[in-house]
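Novice: Right, I'll just put the structure down here and ask away after.
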Amino acid sequence: MATKNKSNLLKHVLIILSIYAVVIWIVLQCLKSFTMHGIAVKVPDLRGKTPTELKKLEESIELEFIVNDSVYVVDEKKGTVIEQNPQAGSEVKQNRKIYVTINAFRPPTIKMPKLIDYSLRQAKAVLETYGLEVGNIEYEPDFAKDAVLKQLYRGRIINPGDPVAQESKIDLVLGDGLKGEKVALPDLIGLLRKDALNIIAQNSLSVGSEIFDKSVTDTAEAIIYRQFPIFKNDEKVNMGRAIDLFYTQDDSKIKSAKDSLELRLNNLDEDEEE
């Protein structure tokens, strides 16, 4: 009798343990399904994509893209993703939220700095710090040579503290030291825009018209293929003279411009020897 009771007890214990095992297995499977354990999605590279493209991508991939910030970066394409979190290549769970930062279309507005009485070099450094550019440079009779007498925006005086958009060109009026000096005309053919603008400013000249042909898709990568006044050896122009610049991204046009300049300079040298 005792043996039969022990057998029934063992049988009941085994049944209970089996039920517990089945329940635990079912719970684990439910948790696994709920948390999508083992199901991962690789985060794509979103840099350069527009918000519209992100919406279309959401339809084909089980992720959610959220724009959580907007900044302005000069060298990046406007209106596109420049940062993302998590990073491209990361493996995340389905329906995970991916946060992106978009490059704004318009530069932010800042307060105009004070440039009066600064030297040209100091003024240029301050403008670069604020994300502004040196525009045209003019000279007026004054004992303070190369000192800033006036700061102008679109032909009007702009005072320190006035609002101005970053990337704006600020024209400067400098003292000429009461001398009508001349400076060497630089050769700008084949240079990137930023390099040419630096050379123009360093030579106390100013930027005139800037013309971009149809091949230019990125002004930061545009190359100068023509300038006016035309470069000549030992050519000098009045300090502050405006230089017109013509840009392209057409390699054949750049090569043709360089060859033409070299040929013209060689012919001038030969004429001088004769």
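Here's how to read the names in the structure tokens: chain A, B, ... by the order shown, residue numbers from 1 in each chain, ligand numbers from 1 in the order shown.
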List every residue of region 97-268 of chain A that DSSP, applied to the backbone, labels as strand (DSSP E or B), and write the result as a ChimeraX atom specification.
Specialist: /A:97-103,109-111,119,133-145,147-153,156-157,163-165,169-175,182-184,192,206-212,223-228,236-238,242-248
Novice: For the interface of region 153-269 of chain A with region 68-91 of chain A (cut-off 10 Å, counting only C-alpha atoms), please tabulate each contacting residue of region 153-269 of chain A alongside its nearest pair of atoms and their separation in Å to one decimal, rows sorted by chain and increasing number, as JSON lines.
Specialist:
```
{"residue": "A:Gln166", "atom": "CA", "partner": "A:Val74", "partner_atom": "CA", "distance": 9.4}
{"residue": "A:Glu167", "atom": "CA", "partner": "A:Val74", "partner_atom": "CA", "distance": 8.2}
{"residue": "A:Asp218", "atom": "CA", "partner": "A:Lys77", "partner_atom": "CA", "distance": 8.9}
{"residue": "A:Thr219", "atom": "CA", "partner": "A:Asp75", "partner_atom": "CA", "distance": 9.4}
{"residue": "A:Ala220", "atom": "CA", "partner": "A:Asp75", "partner_atom": "CA", "distance": 7.2}
{"residue": "A:Glu221", "atom": "CA", "partner": "A:Asp75", "partner_atom": "CA", "distance": 9.8}
```
Novice: Please produce a file of those selected residues containing C-alpha atoms, as an mmCIF file, in the first residue's frame.
Specialist:
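Final output, again_13.cif:
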```
data_model
loop_
_atom_site.group_PDB
_atom_site.id
_atom_site.type_symbol
_atom_site.label_atom_id
_atom_site.label_comp_id
_atom_site.auth_asym_id
_atom_site.auth_seq_id
_atom_site.Cartn_x
_atom_site.Cartn_y
_atom_site.Cartn_z
ATOM 1 C CA GLN A 166 26.293 83.742 -41.901
ATOM 2 C CA GLU A 167 28.186 83.434 -45.208
ATOM 3 C CA ASP A 218 29.182 72.684 -55.891
ATOM 4 C CA THR A 219 30.609 76.207 -55.511
ATOM 5 C CA ALA A 220 33.177 74.935 -52.993
ATOM 6 C CA GLU A 221 34.677 72.741 -55.741
#
```
Novice: List as a VMD selection string the protein and nucleic acid residues near Ile116 (chain A), meaning an atom at most 10 Å away when only C-alpha atoms are counted, but skip any in the same chain fewer than 6 places from it.
Specialist: chain A and resid 123 147 to 151 159 to 160 172 to 174
Novice: Could you write out the selected residues, including N, CA and C atoms, as a short mmCIF file (atom, residue, chain, number, x, y, z; two decimals), in the first residue's frame?
Specialist:
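Output contents, as saved in selection.cif:
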```
data_model
loop_
_atom_site.label_atom_id
_atom_site.label_comp_id
_atom_site.auth_asym_id
_atom_site.auth_seq_id
_atom_site.Cartn_x
_atom_site.Cartn_y
_atom_site.Cartn_z
N ALA A 123 40.57 92.01 -39.36
CA ALA A 123 39.16 92.01 -39.76
C ALA A 123 38.81 90.73 -40.48
N ALA A 147 43.69 100.19 -42.26
CA ALA A 147 42.79 100.08 -41.10
C ALA A 147 41.34 100.22 -41.59
N VAL A 148 40.44 99.48 -40.97
CA VAL A 148 39.03 99.51 -41.37
C VAL A 148 38.39 100.82 -40.94
N LEU A 149 37.89 101.58 -41.92
CA LEU A 149 37.20 102.83 -41.64
C LEU A 149 35.68 102.65 -41.61
N LYS A 150 35.19 101.75 -42.46
CA LYS A 150 33.75 101.49 -42.55
C LYS A 150 33.54 100.00 -42.82
N GLN A 151 32.42 99.49 -42.33
CA GLN A 151 32.01 98.12 -42.64
C GLN A 151 30.62 98.19 -43.26
N ASN A 159 26.21 98.16 -38.48
CA ASN A 159 26.79 98.44 -37.16
C ASN A 159 27.01 97.16 -36.37
N PRO A 160 27.96 97.19 -35.45
CA PRO A 160 28.15 96.02 -34.57
C PRO A 160 26.85 95.69 -33.85
N LEU A 172 34.53 96.26 -47.02
CA LEU A 172 35.36 97.05 -46.11
C LEU A 172 35.91 98.28 -46.82
N VAL A 173 35.91 99.39 -46.11
CA VAL A 173 36.57 100.60 -46.58
C VAL A 173 37.79 100.80 -45.69
N LEU A 174 38.97 100.83 -46.32
CA LEU A 174 40.23 100.92 -45.58
C LEU A 174 40.93 102.25 -45.86
#
```
Novice: Excluding Glu235 (chain A) and its own-chain neighbours fewer than 3 positions away, which residues fall within 9 Å of it when counting only C-alpha atoms? Please give them as a list of chain:residue names.
Specialist: A:Val183, A:Ala184, A:Leu185, A:Pro186, A:Phe231, A:Lys232
Novice: For Asp171 (chain A), find every residue with an atom within 10 Å (counting only C-alpha atoms), except residues of its own chain fewer than 2 positions away, and show them as a list in words.
Specialist: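 Counting only the stated atoms, we get Glu133, Val134, Gly135, Asn136, Ile137, Glu138, Lys150, Gln151, Leu152, Tyr153, Arg154, Gly155, Arg156, Ile157, Ile158, Ser168, Lys169, Val173, Leu174, Ser206 and Val207 of chain A.
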Novice: Taking only C-alpha atoms into account, which of A:Thr50, A:Phe65, A:Glu140, A:Leu197 comes nearest Phe105 (chain A)?
Specialist: A:Thr50
Novice: Closest to Tyr247 (chain A) among A:Ile61, A:Leu191, A:Val43, A:Val22, using only C-alpha atoms?
Specialist: A:Leu191
Novice: Mind pulling up the distance from CA of Glu64 (chain A) to CA of Lys97 (chain A)?
Specialist: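 So the answer is 4.7 Å.
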Novice: Kindly indicate which residue among A:Ile19, A:Val92, A:Ile170, A:Ala242 lies nearest to Val126 (chain A), using only C-alpha atoms for the distances.
Specialist: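 When distances to Val126 (chain A) are compared using only C-alpha atoms, the smallest one comes from A:Ile170.
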